[in-house]
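Visitor: Below you'll find my_file_8.cif; it's mmCIF, C-alpha atoms.
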```
data_work
#
loop_
_atom_site.label_atom_id
_atom_site.label_comp_id
_atom_site.auth_asym_id
_atom_site.auth_seq_id
_atom_site.Cartn_x
_atom_site.Cartn_y
_atom_site.Cartn_z
CA MET A 13 -11.60 6.59 -22.10
CA HIS A 14 -8.04 5.80 -21.18
CA LYS A 15 -8.76 5.41 -17.46
CA LYS A 16 -11.21 2.55 -18.00
CA GLY A 17 -10.18 -1.01 -18.57
CA LEU A 18 -8.58 -3.60 -16.37
CA LEU A 19 -5.67 -1.35 -15.39
CA GLY A 20 -8.12 1.27 -14.12
CA GLU A 21 -10.03 -1.41 -12.20
CA LEU A 22 -6.82 -2.63 -10.61
CA ILE A 23 -5.86 0.90 -9.55
CA GLN A 24 -9.31 1.42 -8.08
CA SER A 25 -9.19 -1.87 -6.17
CA LEU A 26 -5.81 -1.01 -4.70
CA CYS A 27 -7.36 2.15 -3.25
CA CYS A 28 -9.25 -0.08 -0.76
CA LEU A 29 -5.98 -0.56 1.13
CA PRO A 30 -5.67 1.80 4.10
CA GLY A 31 -3.32 4.71 3.46
CA VAL A 32 -3.35 4.16 -0.32
CA GLY A 33 -4.73 6.97 -2.50
CA PRO A 34 -5.04 7.11 -6.30
CA LYS A 35 -1.38 8.15 -6.81
CA SER A 36 0.11 5.32 -4.74
CA ALA A 37 -2.39 2.86 -6.21
CA GLN A 38 -1.21 3.87 -9.68
CA ARG A 39 2.42 3.37 -8.69
CA MET A 40 1.62 -0.03 -7.16
CA ALA A 41 -0.30 -1.22 -10.22
CA PHE A 42 2.50 -0.30 -12.62
CA HIS A 43 5.11 -1.80 -10.33
CA LEU A 44 3.24 -5.11 -10.05
CA LEU A 45 2.56 -5.37 -13.78
CA GLN A 46 5.97 -4.28 -15.02
CA ARG A 47 8.46 -5.59 -12.50
CA ASP A 48 6.86 -8.04 -10.18
CA ARG A 49 4.16 -10.20 -11.77
CA ASN A 50 5.26 -13.30 -9.85
CA ARG A 51 5.09 -11.63 -6.47
CA GLY A 52 1.84 -9.93 -7.50
CA LYS A 53 0.36 -13.33 -8.24
CA LEU A 54 1.63 -14.64 -4.92
CA LEU A 55 0.05 -11.65 -3.17
CA ALA A 56 -3.31 -12.26 -4.88
CA ASP A 57 -3.22 -15.98 -4.06
CA THR A 58 -2.22 -15.39 -0.44
CA LEU A 59 -4.91 -12.74 -0.04
CA LEU A 60 -7.60 -15.07 -1.40
CA ARG A 61 -6.44 -17.91 0.85
CA ALA A 62 -6.28 -15.60 3.88
CA ILE A 63 -9.78 -14.24 3.25
CA ASP A 64 -11.18 -17.75 2.84
CA ASP A 65 -9.33 -19.50 5.65
CA ILE A 66 -8.63 -17.01 8.42
CA GLY A 67 -11.23 -17.03 11.16
CA TYR A 68 -11.12 -16.50 14.88
CA CYS A 69 -9.28 -18.41 17.59
CA GLN A 70 -11.81 -20.34 19.69
CA HIS A 71 -9.93 -19.47 22.85
CA CYS A 72 -8.78 -15.86 22.54
CA ARG A 73 -10.78 -14.65 19.49
CA THR A 74 -7.74 -13.34 17.59
CA LEU A 75 -7.37 -13.93 13.83
CA THR A 76 -5.99 -17.34 12.87
CA GLU A 77 -6.49 -20.01 10.23
CA GLU A 78 -6.41 -22.78 12.89
CA ASP A 79 -8.93 -23.60 15.62
CA LEU A 80 -6.46 -22.28 18.19
CA CYS A 81 -4.00 -19.49 17.42
CA GLY A 82 -0.24 -19.96 17.80
CA ILE A 83 -0.24 -18.27 21.20
CA CYS A 84 -3.13 -20.25 22.71
CA ALA A 85 -1.73 -23.50 21.30
CA ASN A 86 1.70 -22.78 22.76
CA ASP A 87 2.03 -24.76 26.01
CA SER A 88 5.18 -22.93 27.07
CA ARG A 89 3.17 -19.73 27.57
CA ASP A 90 1.60 -18.88 30.91
CA HIS A 91 -2.13 -19.67 30.63
CA SER A 92 -2.98 -17.99 33.93
CA ILE A 93 -2.15 -14.40 32.89
CA VAL A 94 -4.45 -12.91 30.26
CA CYS A 95 -3.99 -9.59 28.50
CA ILE A 96 -7.25 -8.02 27.31
CA VAL A 97 -6.98 -6.07 24.04
CA GLU A 98 -9.42 -4.45 21.65
CA SER A 99 -8.16 -5.90 18.35
CA PRO A 100 -6.01 -8.67 16.85
CA ALA A 101 -3.56 -5.97 15.71
CA ASP A 102 -2.98 -5.12 19.40
CA VAL A 103 -2.03 -8.76 20.09
CA TRP A 104 0.52 -8.53 17.31
CA VAL A 105 2.12 -5.26 18.48
CA ILE A 106 2.17 -6.20 22.18
CA ASP A 107 3.73 -9.56 21.37
CA GLN A 108 6.42 -7.89 19.26
CA ALA A 109 7.18 -5.08 21.72
CA THR A 110 7.06 -6.72 25.13
CA ILE A 111 8.36 -9.79 26.90
CA PHE A 112 4.80 -10.72 27.88
CA ARG A 113 4.45 -14.50 27.61
CA GLY A 114 0.93 -15.02 28.86
CA GLN A 115 -2.20 -15.25 26.75
CA TYR A 116 -4.52 -12.72 25.16
CA PHE A 117 -8.22 -12.13 24.91
CA VAL A 118 -9.50 -10.04 22.00
CA LEU A 119 -12.67 -7.99 22.50
CA HIS A 120 -13.06 -6.93 18.83
CA GLY A 121 -14.17 -3.50 19.94
CA ARG A 122 -15.00 -1.68 23.15
CA LEU A 123 -18.18 -1.23 25.16
CA SER A 124 -20.28 1.18 23.15
CA PRO A 125 -24.01 0.74 23.79
CA LEU A 126 -24.94 3.29 21.11
CA ASP A 127 -23.24 1.11 18.47
CA GLY A 128 -24.91 -2.00 19.87
CA LEU A 129 -21.68 -3.26 21.44
CA GLY A 130 -22.55 -4.69 24.85
CA PRO A 131 -20.65 -7.19 27.04
CA ASP A 132 -21.89 -10.20 25.03
CA GLU A 133 -20.67 -8.80 21.69
CA LEU A 134 -17.21 -8.39 23.23
CA GLY A 135 -17.19 -12.01 24.41
CA LEU A 136 -17.27 -11.00 28.05
CA ASP A 137 -19.61 -13.91 28.83
CA LEU A 138 -16.82 -16.25 27.69
CA LEU A 139 -14.27 -14.30 29.72
CA GLU A 140 -16.46 -14.39 32.83
CA GLN A 141 -16.89 -18.18 32.55
CA ARG A 142 -13.14 -18.47 32.48
CA LEU A 143 -12.72 -16.09 35.44
CA ALA A 144 -15.31 -18.15 37.35
CA SER A 145 -13.54 -21.43 36.56
CA GLY A 146 -10.44 -20.22 38.39
CA SER A 147 -8.08 -20.86 35.45
CA ILE A 148 -7.05 -17.19 35.30
CA LYS A 149 -4.90 -15.65 38.05
CA GLU A 150 -4.29 -12.19 36.60
CA LEU A 151 -5.79 -9.87 34.00
CA ILE A 152 -3.83 -7.10 32.26
CA LEU A 153 -6.19 -4.52 30.78
CA ALA A 154 -4.64 -3.12 27.59
CA THR A 155 -7.67 -1.49 25.98
CA ASN A 156 -7.04 1.84 24.27
CA SER A 157 -6.78 5.02 26.27
CA THR A 158 -10.05 6.48 24.96
CA VAL A 159 -13.19 7.20 26.99
CA GLU A 160 -14.79 3.97 25.76
CA GLY A 161 -11.57 2.00 26.19
CA GLU A 162 -11.28 3.22 29.78
CA ALA A 163 -14.92 2.39 30.49
CA THR A 164 -14.37 -1.09 29.06
CA ALA A 165 -11.27 -1.58 31.22
CA TYR A 166 -13.23 -0.44 34.30
CA PHE A 167 -16.09 -2.82 33.50
CA ILE A 168 -13.74 -5.81 33.08
CA GLY A 169 -11.87 -4.76 36.23
CA GLU A 170 -15.14 -5.03 38.13
CA LEU A 171 -15.76 -8.50 36.67
CA ALA A 172 -12.29 -9.57 37.83
CA LYS A 173 -12.92 -8.16 41.33
CA LYS A 174 -16.18 -10.13 41.53
CA HIS A 175 -14.24 -13.35 40.90
CA GLN A 176 -11.26 -12.41 43.11
CA VAL A 177 -8.87 -12.22 40.18
CA SER A 178 -6.28 -9.44 40.31
CA ALA A 179 -6.45 -6.96 37.41
CA SER A 180 -4.01 -4.25 36.34
CA ARG A 181 -4.20 -1.48 33.75
CA ILE A 182 -1.21 -0.68 31.50
CA ALA A 183 0.49 2.61 32.40
CA HIS A 184 -0.40 5.84 30.66
CA GLY A 185 1.78 8.94 30.64
CA VAL A 186 4.46 10.72 28.66
CA PRO A 187 5.77 8.46 25.83
CA MET A 188 9.45 7.44 26.02
CA GLY A 189 11.59 10.05 24.32
CA GLY A 190 8.67 12.48 24.31
CA GLU A 191 9.40 16.15 25.01
CA LEU A 192 7.01 17.73 27.50
CA GLU A 193 6.63 20.80 25.32
CA PHE A 194 4.92 18.77 22.62
CA ILE A 195 2.73 16.49 24.75
CA ASP A 196 -1.02 17.17 24.77
CA SER A 197 -2.47 18.47 28.03
CA GLY A 198 -4.64 15.39 28.69
CA THR A 199 -1.62 13.08 28.64
CA LEU A 200 0.42 15.50 30.74
CA SER A 201 -2.26 15.86 33.41
CA HIS A 202 -2.63 12.04 33.43
CA ALA A 203 1.15 11.68 33.82
CA PHE A 204 1.12 14.12 36.75
CA ASN A 205 -1.72 12.36 38.56
CA GLY A 206 -0.10 8.99 38.00
CA ARG A 207 3.36 10.00 39.28
CA LYS A 208 5.38 7.35 41.13
CA VAL A 209 7.73 7.66 44.12
CA ILE A 210 11.30 7.00 43.01
CA MET B 30 5.89 -18.76 16.68
CA HIS B 31 3.15 -16.17 16.53
CA LYS B 32 4.46 -14.49 13.39
CA LYS B 33 4.15 -17.59 11.27
CA GLY B 34 0.93 -18.75 9.72
CA LEU B 35 -1.22 -17.42 6.96
CA LEU B 36 -1.50 -13.96 8.52
CA GLY B 37 2.30 -13.67 8.56
CA GLU B 38 2.43 -14.83 4.94
CA LEU B 39 -0.14 -12.22 3.96
CA ILE B 40 1.80 -9.45 5.71
CA GLN B 41 4.98 -10.57 3.97
CA SER B 42 3.30 -10.65 0.55
CA LEU B 43 1.93 -7.15 1.04
CA CYS B 44 5.51 -5.94 1.53
CA CYS B 45 6.10 -6.53 -2.20
CA LEU B 46 4.05 -3.37 -2.90
CA PRO B 47 6.24 -0.32 -3.45
CA GLY B 48 6.32 2.02 -0.46
CA VAL B 49 4.88 -0.61 1.88
CA GLY B 50 7.02 -1.71 4.80
CA PRO B 51 6.26 -4.27 7.51
CA LYS B 52 4.22 -1.78 9.61
CA SER B 53 1.92 -0.68 6.78
CA ALA B 54 1.63 -4.26 5.55
CA GLN B 55 0.47 -5.26 9.01
CA ARG B 56 -2.11 -2.48 9.06
CA MET B 57 -3.33 -3.44 5.58
CA ALA B 58 -3.65 -7.13 6.46
CA PHE B 59 -5.68 -6.44 9.60
CA HIS B 60 -7.83 -3.91 7.77
CA LEU B 61 -8.61 -6.32 4.93
CA LEU B 62 -9.38 -9.23 7.24
CA GLN B 63 -11.41 -7.35 9.81
CA ARG B 64 -13.30 -4.66 7.92
CA ASP B 65 -13.11 -5.28 4.22
CA ARG B 66 -13.09 -8.94 3.21
CA ASN B 67 -15.34 -8.30 0.20
CA ARG B 68 -13.14 -5.58 -1.23
CA GLY B 69 -10.06 -7.63 -0.35
CA LYS B 70 -11.46 -10.50 -2.41
CA LEU B 71 -12.23 -8.11 -5.25
CA LEU B 72 -8.66 -6.79 -5.07
CA ALA B 73 -7.21 -10.30 -5.22
CA ASP B 74 -9.46 -11.29 -8.14
CA THR B 75 -8.73 -8.10 -10.08
CA LEU B 76 -5.01 -8.51 -9.47
CA LEU B 77 -5.04 -12.10 -10.75
CA ARG B 78 -7.03 -11.09 -13.82
CA ALA B 79 -4.76 -8.11 -14.50
CA ILE B 80 -1.61 -10.24 -14.19
CA ASP B 81 -3.04 -12.88 -16.53
CA ASP B 82 -4.65 -10.61 -19.11
CA ILE B 83 -2.70 -7.36 -19.33
CA GLY B 84 -0.06 -7.36 -22.04
CA TYR B 85 1.34 -4.71 -24.33
CA CYS B 86 -0.39 -2.61 -26.98
CA GLN B 87 0.74 -3.74 -30.44
CA HIS B 88 0.95 -0.17 -31.61
CA CYS B 89 2.39 1.90 -28.77
CA ARG B 90 3.67 -0.82 -26.38
CA THR B 91 1.83 0.51 -23.31
CA LEU B 92 0.05 -1.84 -20.88
CA THR B 93 -3.41 -2.97 -21.95
CA GLU B 94 -5.60 -6.08 -21.92
CA GLU B 95 -6.65 -5.50 -25.54
CA ASP B 96 -4.60 -5.78 -28.75
CA LEU B 97 -4.71 -1.99 -29.06
CA CYS B 98 -4.84 0.31 -26.02
CA GLY B 99 -7.68 2.80 -25.53
CA ILE B 100 -5.54 5.64 -26.89
CA CYS B 101 -4.38 3.88 -30.06
CA ALA B 102 -7.90 2.56 -30.72
CA ASN B 103 -9.41 6.03 -30.33
CA ASP B 104 -9.94 7.46 -33.81
CA SER B 105 -10.64 10.97 -32.53
CA ARG B 106 -7.01 11.31 -31.44
CA ASP B 107 -4.35 12.71 -33.75
CA HIS B 108 -2.32 9.78 -35.12
CA SER B 109 0.34 12.01 -36.65
CA ILE B 110 1.79 13.38 -33.39
CA VAL B 111 3.58 10.84 -31.22
CA CYS B 112 4.89 11.41 -27.72
CA ILE B 113 7.84 9.17 -26.78
CA VAL B 114 7.94 8.11 -23.11
CA GLU B 115 9.99 5.69 -21.06
CA SER B 116 7.19 3.83 -19.27
CA PRO B 117 3.43 3.14 -19.34
CA ALA B 118 3.13 5.15 -16.10
CA ASP B 119 4.36 8.21 -18.02
CA VAL B 120 1.54 7.75 -20.57
CA TRP B 121 -0.91 7.76 -17.69
CA VAL B 122 0.45 10.91 -16.01
CA ILE B 123 0.90 12.88 -19.25
CA ASP B 124 -2.61 12.01 -20.37
CA GLN B 125 -4.03 13.13 -17.01
CA ALA B 126 -2.00 16.34 -16.78
CA THR B 127 -1.96 17.73 -20.31
CA ILE B 128 -4.34 18.45 -23.16
CA PHE B 129 -2.18 16.33 -25.48
CA ARG B 130 -4.48 14.36 -27.78
CA GLY B 131 -1.98 12.61 -30.00
CA GLN B 132 -0.58 9.13 -29.52
CA TYR B 133 2.22 7.67 -27.45
CA PHE B 134 5.14 5.31 -27.95
CA VAL B 135 6.51 3.51 -24.90
CA LEU B 136 10.21 2.60 -24.85
CA HIS B 137 10.09 0.48 -21.67
CA GLY B 138 13.44 1.88 -20.60
CA ARG B 139 16.14 4.14 -21.96
CA LEU B 140 19.26 3.51 -24.04
CA SER B 141 21.71 1.86 -21.68
CA PRO B 142 24.23 -0.33 -23.48
CA LEU B 143 25.75 -1.55 -20.21
CA ASP B 144 22.38 -3.03 -19.20
CA GLY B 145 21.93 -4.54 -22.66
CA LEU B 146 19.30 -1.95 -23.66
CA GLY B 147 19.98 -0.98 -27.26
CA PRO B 148 17.68 0.57 -29.90
CA ASP B 149 16.00 -2.76 -30.71
CA GLU B 150 15.07 -3.47 -27.09
CA LEU B 151 13.36 -0.07 -26.94
CA GLY B 152 11.33 -0.84 -30.07
CA LEU B 153 13.13 1.84 -32.09
CA ASP B 154 13.11 -0.41 -35.16
CA LEU B 155 9.31 -0.29 -35.04
CA LEU B 156 9.38 3.48 -34.54
CA GLU B 157 11.79 3.96 -37.43
CA GLN B 158 9.55 1.92 -39.76
CA ARG B 159 6.71 4.22 -38.83
CA LEU B 160 8.84 7.35 -39.33
CA ALA B 161 9.90 6.01 -42.75
CA SER B 162 6.28 5.29 -43.75
CA GLY B 163 5.45 8.98 -43.40
CA SER B 164 2.51 8.42 -41.04
CA ILE B 165 4.13 10.52 -38.30
CA LYS B 166 4.42 14.31 -38.68
CA GLU B 167 5.81 15.23 -35.26
CA LEU B 168 7.60 13.58 -32.35
CA ILE B 169 7.51 14.93 -28.79
CA LEU B 170 10.40 13.52 -26.76
CA ALA B 171 9.29 13.11 -23.14
CA THR B 172 11.99 10.79 -21.80
CA ASN B 173 13.20 11.52 -18.28
CA SER B 174 15.67 14.27 -17.62
CA THR B 175 18.52 11.92 -16.68
CA VAL B 176 21.78 11.44 -18.56
CA GLU B 177 20.43 8.29 -20.19
CA GLY B 178 17.03 9.84 -20.85
CA GLU B 179 18.70 12.81 -22.57
CA ALA B 180 20.91 10.50 -24.65
CA THR B 181 17.85 8.51 -25.69
CA ALA B 182 16.00 11.71 -26.67
CA TYR B 183 19.04 12.83 -28.70
CA PHE B 184 19.25 9.46 -30.47
CA ILE B 185 15.53 9.48 -31.38
CA GLY B 186 15.82 13.14 -32.45
CA GLU B 187 18.53 12.09 -34.93
CA LEU B 188 16.27 9.31 -36.26
CA ALA B 189 13.50 11.86 -36.79
CA LYS B 190 15.88 14.24 -38.57
CA LYS B 191 16.94 11.39 -40.89
CA HIS B 192 13.32 10.94 -41.95
CA GLN B 193 12.51 14.68 -42.07
CA VAL B 194 10.08 14.47 -39.15
CA SER B 195 10.10 17.41 -36.74
CA ALA B 196 10.96 16.51 -33.13
CA SER B 197 10.70 18.57 -29.95
CA ARG B 198 11.86 17.97 -26.38
CA ILE B 199 9.62 18.83 -23.40
CA ALA B 200 10.83 21.90 -21.47
CA HIS B 201 13.05 21.57 -18.41
CA GLY B 202 13.48 24.27 -15.80
CA VAL B 203 12.20 25.52 -12.48
CA PRO B 204 9.00 23.64 -11.53
CA MET B 205 5.81 25.73 -11.27
CA GLY B 206 5.50 27.16 -7.77
CA GLY B 207 9.11 26.24 -7.03
CA GLU B 208 11.16 28.68 -4.99
CA LEU B 209 14.60 29.33 -6.45
CA GLU B 210 16.19 28.98 -3.02
CA PHE B 211 15.27 25.30 -2.88
CA ILE B 212 15.97 24.29 -6.49
CA ASP B 213 19.04 22.14 -7.15
CA SER B 214 21.88 23.80 -9.05
CA GLY B 215 21.60 21.52 -12.12
CA THR B 216 17.99 22.52 -12.71
CA LEU B 217 18.75 26.17 -12.08
CA SER B 218 21.66 26.25 -14.52
CA HIS B 219 19.46 24.43 -17.08
CA ALA B 220 16.69 27.01 -16.53
CA PHE B 221 19.19 29.86 -17.07
CA ASN B 222 20.57 28.41 -20.28
CA GLY B 223 17.07 27.72 -21.56
CA ARG B 224 15.71 31.21 -20.86
CA LYS B 225 13.14 32.60 -23.29
CA VAL B 226 12.59 36.13 -24.56
CA ILE B 227 9.34 37.55 -23.17
#
```
In structure tokens, how does this file's structure come out?
Guide:
Amino acid sequence: MHKKGLLGELIQSLCCLPGVGPKSAQRMAFHLLQRDRNRGKLLADTLLRAIDDIGYCQHCRTLTEEDLCGICANDSRDHSIVCIVESPADVWVIDQATIFRGQYFVLHGRLSPLDGLGPDELGLDLLEQRLASGSIKELILATNSTVEGEATAYFIGELAKKHQVSASRIAHGVPMGGELEFIDSGTLSHAFNGRKVI
Amino acid sequence: MHKKGLLGELIQSLCCLPGVGPKSAQRMAFHLLQRDRNRGKLLADTLLRAIDDIGYCQHCRTLTEEDLCGICANDSRDHSIVCIVESPADVWVIDQATIFRGQYFVLHGRLSPLDGLGPDELGLDLLEQRLASGSIKELILATNSTVEGEATAYFIGELAKKHQVSASRIAHGVPMGGELEFIDSGTLSHAFNGRKVI
């Protein structure tokens, strides 16, 4: 009885956010209604606008409300180095964490034939056109370090080789500050095999 | 450059939710835009409706979109026992956790003269009218166990005494499953003083 109503609906809708369960949703709903109606309204308006307006960059396929995203439209960035990532979130984190000032290309997934994700679904036809046109000098493969991510990186590496474009893979190994004792064996064996002369 | 735009605005708006920092907001924004636009739209719509429509129950002052909340409108509940709480969230948790089937009265705060919160701001004039009318047989004081919450409970207890209505305070002590070793000394001393004959 008491759980129904608009408040119950709001709590249930908030549960669609990742990492938000019924308890946090409850706390969020009461917070928005009791302390922060103005910012709640702003959130709802911004969310509606974002859902309506945000599409994909024509050049790199990341999320943007313009035809070209801020990075592709920025002429001061190096257009000849392209970092290949699986998702728009990866663009965001790499751009925050590194000094990389080239461009990106978002696959929106990884090669996974069983899920119907082949080269065309990942936009690799578009990427290959660009490799063929000679506008790209270097590819940095920053797909995830999963079996499918590695296979995707290998596949794109072969494409780059075909068009005489140099390709590199981001380094994998022990995370900075990581203690060996607590690292999983896969990472540790990878770190051993990938050791560098100092 | 890259952080601006509608996506940046959305991430910033999501930070207004309690317990959500920039990292979670980022994850939520990408999740909503990439996997869950329909439920994102539903969330935004429900939030707008809730902010516009939800007000306060005329009888118990909790949050509701009706004139009377589901609890006050429910005739099968006992109208003569009233549980006094500080916030609408408390109504929600008490109703989920207990078998209490009386009614509630929401103070929206606690007595705090320095913050300008006196008896009238907490709706105690309304409560006193109801105590005087004889419609209430018992008060359960479930304000928080803070100095101000205790003072508020004491004040309302005196009101009840004035009108010959019995009032009780919820029990305070060691939480169920709590190990004595990890309980703070205030709670432990309270639990000692409040010991019961078995």
Visitor: Could you list, as an NGL selection string, every residue within 7 Å of segment 46-58 of chain A, counting all atoms listed in the file and ignoring same-chain residues fewer than 2 positions away?
Guide: (:A and (42-44 or 60-62)) or (:B and (39 or 42-43 or 45 or 73 or 76-77 or 80))
Visitor: Please write the residues picked by the PyMOL selection byres ((chain B and resi 202) around 6) on this file as a ChimeraX atom specification.
Guide: /B:201,203,216,220
Visitor: Counting all atoms listed in the file, figure out which residue out of A:Tyr166, A:Trp104, A:Tyr116, A:Phe194 gets nearest to chain B.
Guide: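 For chain B, the nearest of the candidates is A:Trp104.
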Visitor: Could you tell me which residues the PyMOL selection byres ((chain A and resi 150) around 7) returns for this structure, as a list of chain:residue names?
Guide: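 Here the PyMOL selection byres ((chain A and resi 150) around 7) matches A:Ser92, A:Ile93, A:Val94, A:Ile148, A:Lys149, A:Leu151, A:Ile152, A:Val177, A:Ser178, A:Ala179.
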Visitor: Measuring between all atoms listed in the file, which one of A:His71, A:Arg142, A:Arg207, A:His120 shows the shortest distance to chain B?
Guide: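 Among the listed residues, A:His120 lies closest to chain B.
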Visitor: Between A:Glu170, A:Gly189, A:Cys95, A:Cys81, single out the one closest to Thr110 of chain A, counting all atoms listed in the file.
Guide: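 Once distances to Thr110 of chain A are computed over all atoms listed in the file, the minimum belongs to A:Cys95.
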Visitor: Figure out the distance between atom CA of Leu153 of chain A and atom CA of Leu36 of chain B, please, to one decimal in Å.
Guide: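 Atom-to-atom, atom CA of Leu36 of chain B to atom CA of Leu153 of chain A, that is 24.6 Å.
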Visitor: Hey, which of A:Gly161, A:Pro100, A:Gly114, A:Gly190 ends up closest to chain B? Count all atoms listed in the file.
Guide: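 Distance minimum relative to chain B lands on A:Pro100.
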Visitor: Measuring between all atoms listed in the file, which one of A:Leu129, A:Ala37, A:Ala154, A:Leu138 shows the shortest distance to Glu98 of chain A?
Guide: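 Of A:Leu129, A:Ala37, A:Ala154, A:Leu138, the one nearest Glu98 of chain A is A:Ala154, counting all atoms listed in the file.
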Visitor: Is there a way to complete segment 67-73 of chain A with all heavy atoms and then write that out as a PDB file, in the coordinates of the input?
Guide:
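Output below, filename selection06.pdb:
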```pdb
ATOM      1  N   GLY A  67     -10.075 -17.301  10.312  1.00  0.00           N
ATOM      2  CA  GLY A  67     -11.230 -17.030  11.160  1.00  0.00           C
ATOM      3  C   GLY A  67     -10.743 -16.587  12.522  1.00  0.00           C
ATOM      4  O   GLY A  67      -9.690 -15.963  12.623  1.00  0.00           O
ATOM      5  N   TYR A  68     -11.487 -16.954  13.547  1.00  0.00           N
ATOM      6  CA  TYR A  68     -11.120 -16.500  14.880  1.00  0.00           C
ATOM      7  C   TYR A  68     -10.732 -17.652  15.787  1.00  0.00           C
ATOM      8  O   TYR A  68     -11.318 -18.728  15.717  1.00  0.00           O
ATOM      9  CB  TYR A  68     -12.296 -15.712  15.481  1.00  0.00           C
ATOM     10  CG  TYR A  68     -12.635 -14.508  14.633  1.00  0.00           C
ATOM     11  CD1 TYR A  68     -13.737 -14.503  13.785  1.00  0.00           C
ATOM     12  CD2 TYR A  68     -11.796 -13.389  14.630  1.00  0.00           C
ATOM     13  CE1 TYR A  68     -14.016 -13.413  12.970  1.00  0.00           C
ATOM     14  CE2 TYR A  68     -12.076 -12.304  13.825  1.00  0.00           C
ATOM     15  CZ  TYR A  68     -13.183 -12.317  12.998  1.00  0.00           C
ATOM     16  OH  TYR A  68     -13.437 -11.245  12.192  1.00  0.00           O
ATOM     17  N   CYS A  69      -9.733 -17.405  16.626  1.00  0.00           N
ATOM     18  CA  CYS A  69      -9.280 -18.410  17.590  1.00  0.00           C
ATOM     19  C   CYS A  69     -10.420 -18.695  18.559  1.00  0.00           C
ATOM     20  O   CYS A  69     -11.043 -17.774  19.079  1.00  0.00           O
ATOM     21  CB  CYS A  69      -8.052 -17.885  18.317  1.00  0.00           C
ATOM     22  SG  CYS A  69      -7.536 -18.922  19.699  1.00  0.00           S
ATOM     23  N   GLN A  70     -10.692 -19.993  18.810  1.00  0.00           N
ATOM     24  CA  GLN A  70     -11.810 -20.340  19.690  1.00  0.00           C
ATOM     25  C   GLN A  70     -11.540 -19.904  21.126  1.00  0.00           C
ATOM     26  O   GLN A  70     -12.456 -19.734  21.918  1.00  0.00           O
ATOM     27  CB  GLN A  70     -12.048 -21.851  19.664  1.00  0.00           C
ATOM     28  CG  GLN A  70     -12.618 -22.326  18.345  1.00  0.00           C
ATOM     29  CD  GLN A  70     -12.686 -23.825  18.266  1.00  0.00           C
ATOM     30  OE1 GLN A  70     -12.229 -24.524  19.178  1.00  0.00           O
ATOM     31  NE2 GLN A  70     -13.252 -24.334  17.175  1.00  0.00           N
ATOM     32  N   HIS A  71     -10.260 -19.763  21.462  1.00  0.00           N
ATOM     33  CA  HIS A  71      -9.930 -19.470  22.850  1.00  0.00           C
ATOM     34  C   HIS A  71      -9.778 -17.986  23.125  1.00  0.00           C
ATOM     35  O   HIS A  71     -10.338 -17.462  24.077  1.00  0.00           O
ATOM     36  CB  HIS A  71      -8.655 -20.238  23.235  1.00  0.00           C
ATOM     37  CG  HIS A  71      -8.413 -20.285  24.702  1.00  0.00           C
ATOM     38  ND1 HIS A  71      -7.437 -19.533  25.297  1.00  0.00           N
ATOM     39  CD2 HIS A  71      -9.041 -20.973  25.694  1.00  0.00           C
ATOM     40  CE1 HIS A  71      -7.469 -19.767  26.601  1.00  0.00           C
ATOM     41  NE2 HIS A  71      -8.413 -20.636  26.869  1.00  0.00           N
ATOM     42  N   CYS A  72      -9.045 -17.272  22.252  1.00  0.00           N
ATOM     43  CA  CYS A  72      -8.780 -15.860  22.540  1.00  0.00           C
ATOM     44  C   CYS A  72      -9.418 -14.912  21.518  1.00  0.00           C
ATOM     45  O   CYS A  72      -9.310 -13.706  21.633  1.00  0.00           O
ATOM     46  CB  CYS A  72      -7.278 -15.606  22.606  1.00  0.00           C
ATOM     47  SG  CYS A  72      -6.499 -15.594  20.994  1.00  0.00           S
ATOM     48  N   ARG A  73     -10.056 -15.445  20.512  1.00  0.00           N
ATOM     49  CA  ARG A  73     -10.780 -14.650  19.490  1.00  0.00           C
ATOM     50  C   ARG A  73      -9.897 -13.815  18.581  1.00  0.00           C
ATOM     51  O   ARG A  73     -10.385 -12.939  17.887  1.00  0.00           O
ATOM     52  CB  ARG A  73     -11.832 -13.743  20.156  1.00  0.00           C
ATOM     53  CG  ARG A  73     -12.804 -14.525  21.001  1.00  0.00           C
ATOM     54  CD  ARG A  73     -13.838 -13.709  21.781  1.00  0.00           C
ATOM     55  NE  ARG A  73     -14.047 -12.359  21.391  1.00  0.00           N
ATOM     56  CZ  ARG A  73     -15.237 -11.837  21.063  1.00  0.00           C
ATOM     57  NH1 ARG A  73     -16.301 -12.595  21.043  1.00  0.00           N
ATOM     58  NH2 ARG A  73     -15.364 -10.564  20.772  1.00  0.00           N
TER      59      ARG A  73
END
```
